[in-house]
Every structure is written in structure tokens, then in C-alpha cells.
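Colleague: Please find one structure pasted underneath; my questions will follow.
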Amino acid sequence: MAAERIDRGSATLTHRVEELLRREIVRGERPSGSRLNEVAIAAAFDVSRGPVREAIQRLASDGLVVIEPHRGTFVKSLDRNDVEKLFEVRAALEAEAAALAATKITDDGVALLRTLQEQSVSAVSQQDDHSFPDVIDLHELISRLSDNPRLSALISQVNAELRLVRSRSGSLSERAQRALGEHDELIECLAAKDANRARTVMRSHLDASLANTLALMFSP
């Protein structure tokens, strides 16, 4: 695989290696289940093994790779059934979180959502491939705005397992643009304190995300 050389002046080496590896994983250039060889990656990116090792540890913390003692490091692998079942749970939990948030949200909460959405729009426009930014998470904020720590903890647990597919879901510019529009609609439901509509819109949004993810990961 032809890899991009690291621009040492743009950020720390570890951050840049992490960024490039994350992009390759999300785009499917490093497929699920494939092994990550530190020596080969270091040579491809023209860096020492130290930044590569640290970057892989960060990606493991994010749930994108799995480190198996005495075997090596691999891109996390989920089969189609795993993804569908996890999305069923995610949709049920996050739809309820959206409904709860709609009943409890304050003007400050609405302002936070709109600020985060503005950051998402800006980030998508600035990404080289116009994909959705992995580090901006409107869903996590809505979960917190539901004001139910137990529900938020369950959502975080499911999304940790889905980290790879969530990242890949917005990796196409067309889907990123649609997701932004769906987020706009969701924010307006929350601002209007319309719990039923917020629940419906969140489910519809996650159904679209699942369909896009399955098409990307499992189509022939």
C-alpha cells in the first residue's frame, strides 16, 4: 500500500500517524481483520516505530483496532449480524435519549447543539474528502442532554463497540452532507421540545446510517 509521508511541521509525529492510519481504516484501505505491522507502517510513513506504536495504542482506545497479546494488532472486525444487532440497540437507546432531551433541554443546550453543528459543517467543508469528522459527536451531546446518566452510559458502551462502523458511516461526502441535514432536523425538533418527533427523526437518521454502513462494509 502506498502511504502518505509525514509532514513533520504540521503536528506531532504520533498525531499525524494516528490521523493517517485512522483515515486508511475508515476508508477501508486497511480492511476489518487485517494486521497492522509496526515495522511496515513506520517504513511507509518514514518515521520510527515509537510514534506508530503510540498511534496504534490511541486507535485501540477508540475501538478501531484490537491488540492481541502474542498475535499482533488487527483492525477491529464486526460481521454483518453484529452491526445490525448493535444498531438495533443503538437506535432504541438514542431515540429515547433524543425524546428525553427534548423534554429537558434548555436554551443553553440548544445553543450548544447549534454551535456543534456549525463546527461539523465547517469541518466537513475543510476535510480533503468532505467526510464527516470523527471527533465531533452531536449524538454524545444529545445523550448528555437527556439528563439520564444510566442511559448515557449504555449508549457509550454500545457506541464503543460500533466505533469502527460509526467512523466509516460518514466517510463518503454524499452521506456526510445528508447526515448534516438530518442533524439540522433533529436539532429543530429538540429546540421545539417535540419529543415524539425527535424520537422519530433520530430513528430515521440511524436507519440511514446503518444502511450506508452496510453498503460500505458488506457490498460485493
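By convention here, the chains of the C-alpha cells are called A, B, ... in the order presented, each chain's residues are numbered starting at 1, and ligands are numbered starting at 1 in the order presented.
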Running DSSP on the backbone, which parts of stretch 27-159 of chain A land in strand (DSSP E), as a VMD selection string?
Modeller: chain A and resid 35 to 36 65 to 68 72 to 75
Colleague: Write the residues you've just listed into a file as a PDB file, in the first residue's frame, and include N, CA and C atoms for each of them.
Modeller:
```pdb
ATOM      1  N   ARG A  35      -4.023  -7.138   9.566  1.00  0.00           N
ATOM      2  CA  ARG A  35      -2.993  -6.932  10.583  1.00  0.00           C
ATOM      3  C   ARG A  35      -2.260  -5.612  10.356  1.00  0.00           C
ATOM      4  N   LEU A  36      -1.936  -4.936  11.444  1.00  0.00           N
ATOM      5  CA  LEU A  36      -1.155  -3.705  11.388  1.00  0.00           C
ATOM      6  C   LEU A  36       0.268  -4.026  11.812  1.00  0.00           C
ATOM      7  N   VAL A  65      -8.973  -0.590  16.541  1.00  0.00           N
ATOM      8  CA  VAL A  65      -8.082  -1.743  16.371  1.00  0.00           C
ATOM      9  C   VAL A  65      -8.079  -2.566  17.646  1.00  0.00           C
ATOM     10  N   VAL A  66      -7.655  -3.806  17.502  1.00  0.00           N
ATOM     11  CA  VAL A  66      -7.593  -4.736  18.636  1.00  0.00           C
ATOM     12  C   VAL A  66      -6.158  -5.239  18.761  1.00  0.00           C
ATOM     13  N   ILE A  67      -5.600  -5.134  19.965  1.00  0.00           N
ATOM     14  CA  ILE A  67      -4.248  -5.625  20.226  1.00  0.00           C
ATOM     15  C   ILE A  67      -4.359  -6.980  20.924  1.00  0.00           C
ATOM     16  N   GLU A  68      -3.865  -8.030  20.265  1.00  0.00           N
ATOM     17  CA  GLU A  68      -3.947  -9.377  20.808  1.00  0.00           C
ATOM     18  C   GLU A  68      -2.550  -9.831  21.227  1.00  0.00           C
ATOM     19  N   GLY A  72      -0.519 -10.012  17.654  1.00  0.00           N
ATOM     20  CA  GLY A  72      -0.349  -8.794  16.879  1.00  0.00           C
ATOM     21  C   GLY A  72      -1.526  -7.847  17.028  1.00  0.00           C
ATOM     22  N   THR A  73      -1.560  -6.841  16.155  1.00  0.00           N
ATOM     23  CA  THR A  73      -2.592  -5.820  16.179  1.00  0.00           C
ATOM     24  C   THR A  73      -3.401  -5.900  14.892  1.00  0.00           C
ATOM     25  N   PHE A  74      -4.729  -5.839  15.032  1.00  0.00           N
ATOM     26  CA  PHE A  74      -5.607  -6.032  13.880  1.00  0.00           C
ATOM     27  C   PHE A  74      -6.694  -4.959  13.866  1.00  0.00           C
ATOM     28  N   VAL A  75      -7.118  -4.586  12.660  1.00  0.00           N
ATOM     29  CA  VAL A  75      -8.273  -3.705  12.532  1.00  0.00           C
ATOM     30  C   VAL A  75      -9.485  -4.458  13.067  1.00  0.00           C
TER      31      VAL A  75
END
```
Colleague: Name all residues at most 10 Å from A:His15 (count only C-alpha atoms; drop same-chain ones fewer than 4 positions away) and give them as a PyMOL selection string.
Modeller: chain A and resi 10-11+19-21+51-52+54-55+58
Colleague: Excluding same-chain residues fewer than 4 positions from stretch 86-88 of chain A, what lies within 12 Å of it counting only C-alpha atoms, as a ChimeraX atom specification?
Modeller: /A:78-82,92-95,154-155,157-163,165-166,203,205-211,213-214
Colleague: Grab the residues selected above and save them as a CSV table (one decimal), in the first residue's frame with C-alpha atoms.
Modeller:
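Listed below is the output, again-v4.csv:
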```csv
chain,number,residue,atom,x,y,z
A,78,LEU,CA,-17.5,-7.0,13.0
A,79,ASP,CA,-19.7,-9.2,10.8
A,80,ARG,CA,-23.0,-8.0,9.3
A,81,ASN,CA,-25.1,-9.6,12.1
A,82,ASP,CA,-23.0,-7.9,14.8
A,92,ALA,CA,-33.6,2.2,20.7
A,93,LEU,CA,-31.4,3.9,23.2
A,94,GLU,CA,-30.6,7.0,21.2
A,95,ALA,CA,-34.2,7.6,20.1
A,154,LEU,CA,-25.4,2.4,28.0
A,155,ILE,CA,-25.2,4.5,24.8
A,157,GLN,CA,-21.0,1.2,25.8
A,158,VAL,CA,-22.8,0.4,22.5
A,159,ASN,CA,-21.1,3.2,20.6
A,160,ALA,CA,-17.7,2.0,21.8
A,161,GLU,CA,-18.3,-1.3,20.1
A,162,LEU,CA,-19.5,0.5,17.0
A,163,ARG,CA,-16.6,2.9,16.8
A,165,VAL,CA,-18.6,1.4,11.7
A,166,ARG,CA,-19.6,4.8,13.1
A,203,ARG,CA,-34.5,6.6,14.4
A,205,HIS,CA,-31.3,9.1,11.0
A,206,LEU,CA,-29.8,6.0,12.4
A,207,ASP,CA,-31.6,3.8,9.9
A,208,ALA,CA,-29.9,5.8,7.2
A,209,SER,CA,-26.6,5.5,8.9
A,210,LEU,CA,-27.0,1.7,9.2
A,211,ALA,CA,-27.9,1.3,5.5
A,213,THR,CA,-22.6,1.4,6.7
A,214,LEU,CA,-23.8,-2.0,5.5
```
Colleague: Ranking A:Glu29, A:Glu96, A:Asp184, A:Asp108 by minimum distance to A:Ser120 and counting only C-alpha atoms, which one comes first?
Modeller: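 Closest to A:Ser120, using only C-alpha atoms: A:Asp184.
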